[in-house]
Amino acid sequence: MSVNLEYLRNKRVLVTGAAGFIGGHLVRRLVALGASVTGLDRKPFADFPGTRHLIGDVTTLAPSTVCDLQPDIMFHLASVVGVSTAAADAGSTTDVILGGTRTALDAAARAGCRHFVFVSSSEVYGESNVFPITESTPHAPLSAYGKAKSAAEQLVREQAAAHGMRATIIRPFNVYGPQQRLDFVIPRFVSLALRDEAITLVGDGQQLRTFTYITDFVAGTLAAVAEGDGSSGIYNISGADTWSLMAVAAGVVRTLDSGSQIVNVDPTELDRPSHIEIKHRVASHRLASRRLGYAPEVHLMDGIGRVAAAMRESADLVGVS
């Protein structure tokens with residue numbers, strides 16, 4: 001990439017949601033780059049040299065806590081995990097995503113933080129009719145999760161401008177990789193294939209998704225943060241691969257030499273809220289490529305192989321060969 005990540009060396013960094021899938025990978029990479037990292041999460045997470053570990057909820061984050069840390073950069077990842085989970089309690093979802101972002105912004109501003117980084121979601125785009133989706137594609141979120149993320153983006157832009165903070169907004173697309181929860185599509189397919197169990201697809205399986213391997217996503221995010229001109233920005237960070245879910249399932253079975261059958265099921269059979277199901281989500285990362293030199297390196301089947309290798313070593317799948 002063309003962006004110099006030396007910018008991050010010795011920076012004081014606060015990461016909310018540090019125990020999450022993306023948060024954990026981000027923390028490890030920041031530490032490797034020489035940043036001094038404090039992680040905040042409601043649950044314990046792995047400690048790494050160069051990190052400080054705080055247990056707490058971002059919705060009740062005290063400004064004094066952030067003032068004591070004096071972060072140069074604040075990465076705000078704390079959120080509700082999963083669109084379906086978020087749909088079950090729209091009010092709580094708004095409180096956590098929008099309220100938590102408001103609290104984090106206020107604390108960052110009071111601490112004199114110079115750069116606020118908000119990890120948003122491709123859910124803000126809703127069901128677009130024009131592909132690929134670019135950063136200028138209008139917001140039309142269908143889910144409570146997407147609506148809260150969209151509102152939080154607006155809040156970040158407004159509050160950062162009011163307090164003289166640089167703001168970076170990142171919109172991820174179907175990020176996957178080792179240590180991700182099994183209710184997400186790639187780890188779910190892989191875990192079922194490793195057990196030779198049926199892989200269930202919602203509907204006809206022709207839904208298109210652009211998938212992003214976790215190391216590519218972290219690399220793109222950090223490139224946006226370290227961008228040389230110091231400006232605020234909004235970026236889609238996505239992989240290079242767009243696949244139908246049927247093709248993904250077939251590729252997983254083939255790559256892992258699995259005996260799994262692929263089964264199509266109606267969304268109602270899986271107790272999923274069909275009104276928020278998005279048919280196609282095809283991303284463009286052209287802006288990140290042009291401005292940051294971002295170039296995703298891990299193609300989907302390679303990434304799936306890495307996920308499978310990690311699962312084979314995991315205690316979660318004892319006995320899987």
# chains A, B, ... in the order shown; residues from 1 in each chain; ligands from 1
call {"tool": "residues_around", "arguments": {"residues": "Val119 (chain A)", "least_positions_apart": "4", "cutoff": "10 Å", "atoms": "only C-alpha atoms", "output": "PyMOL selection string"}}
result
chain A and resi 22+75-79+149+153+168-172+221+235
call {"tool": "select_by_dssp", "arguments": {"residues": "region 110-166 of chain A", "states": "alpha helix (DSSP H)", "output": "number ranges by chain"}}
result
A: 110, 144-163
call {"tool": "select_by_dssp", "arguments": {"residues": "region 34-123 of chain A", "states": "strand (DSSP E or B)", "output": "compact mmCIF listing (two decimals) with N, CA, C and O atoms, in the first residue's frame"}}
result
# COMPACT_ATOMS: atom_id res chain seq x y z
N SER A 36 0.67 2.17 21.16
CA SER A 36 0.36 1.86 22.55
C SER A 36 -1.16 1.78 22.66
O SER A 36 -1.85 2.78 22.52
N VAL A 37 -1.68 0.57 22.90
CA VAL A 37 -3.10 0.31 22.72
C VAL A 37 -3.80 0.03 24.05
O VAL A 37 -3.32 -0.77 24.86
N THR A 38 -4.94 0.68 24.22
CA THR A 38 -5.86 0.33 25.31
C THR A 38 -7.13 -0.21 24.67
O THR A 38 -7.70 0.41 23.78
N GLY A 39 -7.55 -1.39 25.12
CA GLY A 39 -8.77 -1.99 24.62
C GLY A 39 -9.88 -1.89 25.65
O GLY A 39 -9.64 -2.08 26.85
N LEU A 40 -11.08 -1.57 25.20
CA LEU A 40 -12.25 -1.49 26.08
C LEU A 40 -13.31 -2.47 25.57
O LEU A 40 -13.64 -2.47 24.38
N ASP A 41 -13.83 -3.30 26.46
CA ASP A 41 -14.92 -4.20 26.08
C ASP A 41 -15.64 -4.65 27.34
O ASP A 41 -15.10 -4.55 28.44
N THR A 51 -0.40 -3.49 25.35
CA THR A 51 -1.81 -3.17 25.49
C THR A 51 -2.21 -3.00 26.95
O THR A 51 -1.56 -3.52 27.86
N ARG A 52 -3.29 -2.27 27.14
CA ARG A 52 -3.92 -2.15 28.44
C ARG A 52 -5.37 -2.62 28.27
O ARG A 52 -5.98 -2.35 27.25
N HIS A 53 -5.89 -3.28 29.27
CA HIS A 53 -7.18 -3.96 29.14
C HIS A 53 -8.17 -3.33 30.13
O HIS A 53 -7.94 -3.36 31.34
N LEU A 54 -9.27 -2.76 29.61
CA LEU A 54 -10.30 -2.19 30.46
C LEU A 54 -11.62 -2.91 30.22
O LEU A 54 -12.02 -3.13 29.08
N ILE A 55 -12.28 -3.31 31.30
CA ILE A 55 -13.61 -3.90 31.20
C ILE A 55 -14.63 -2.79 31.41
O ILE A 55 -14.59 -2.07 32.42
N ILE A 73 -5.77 8.55 18.90
CA ILE A 73 -6.74 7.99 17.96
C ILE A 73 -7.70 7.11 18.75
O ILE A 73 -7.28 6.33 19.61
N MET A 74 -9.00 7.22 18.45
CA MET A 74 -9.99 6.35 19.05
C MET A 74 -10.70 5.58 17.95
O MET A 74 -11.30 6.17 17.06
N PHE A 75 -10.59 4.25 18.01
CA PHE A 75 -11.32 3.37 17.10
C PHE A 75 -12.59 2.91 17.81
O PHE A 75 -12.51 2.25 18.86
N HIS A 76 -13.73 3.23 17.24
CA HIS A 76 -15.00 2.86 17.88
C HIS A 76 -15.64 1.70 17.11
O HIS A 76 -16.22 1.88 16.04
N HIS A 115 -8.35 12.20 16.45
CA HIS A 115 -8.82 11.40 15.33
C HIS A 115 -9.79 10.35 15.84
O HIS A 115 -9.44 9.50 16.66
N PHE A 116 -11.03 10.38 15.33
CA PHE A 116 -12.07 9.42 15.71
C PHE A 116 -12.37 8.54 14.51
O PHE A 116 -12.69 9.03 13.42
N VAL A 117 -12.27 7.23 14.70
CA VAL A 117 -12.47 6.26 13.62
C VAL A 117 -13.71 5.43 13.95
O VAL A 117 -13.75 4.75 14.98
N PHE A 118 -14.70 5.50 13.09
CA PHE A 118 -15.96 4.78 13.31
C PHE A 118 -16.10 3.65 12.30
O PHE A 118 -16.10 3.88 11.09
N VAL A 119 -16.19 2.41 12.81
CA VAL A 119 -16.43 1.27 11.94
C VAL A 119 -17.94 1.11 11.81
O VAL A 119 -18.63 0.70 12.74
call {"tool": "closest_residue", "arguments": {"among": "A:Met301, A:Leu182, A:Ala310, A:Ala19", "to": "Pro44 (chain A)", "atoms": "only C-alpha atoms"}}
result
A:Ala19
call {"tool": "atom_distance", "arguments": {"atom1": "CA of Ala250 (chain A)", "atom2": "CA of Ala193 (chain A)"}}
result
10.0 Å
call {"tool": "residues_around", "arguments": {"residues": "region 125-141 of chain A", "least_positions_apart": "5", "cutoff": "8 Å", "atoms": "only C-alpha atoms", "output": "PyMOL selection string"}}
result
chain A and resi 146-147+150+234-236+278-285
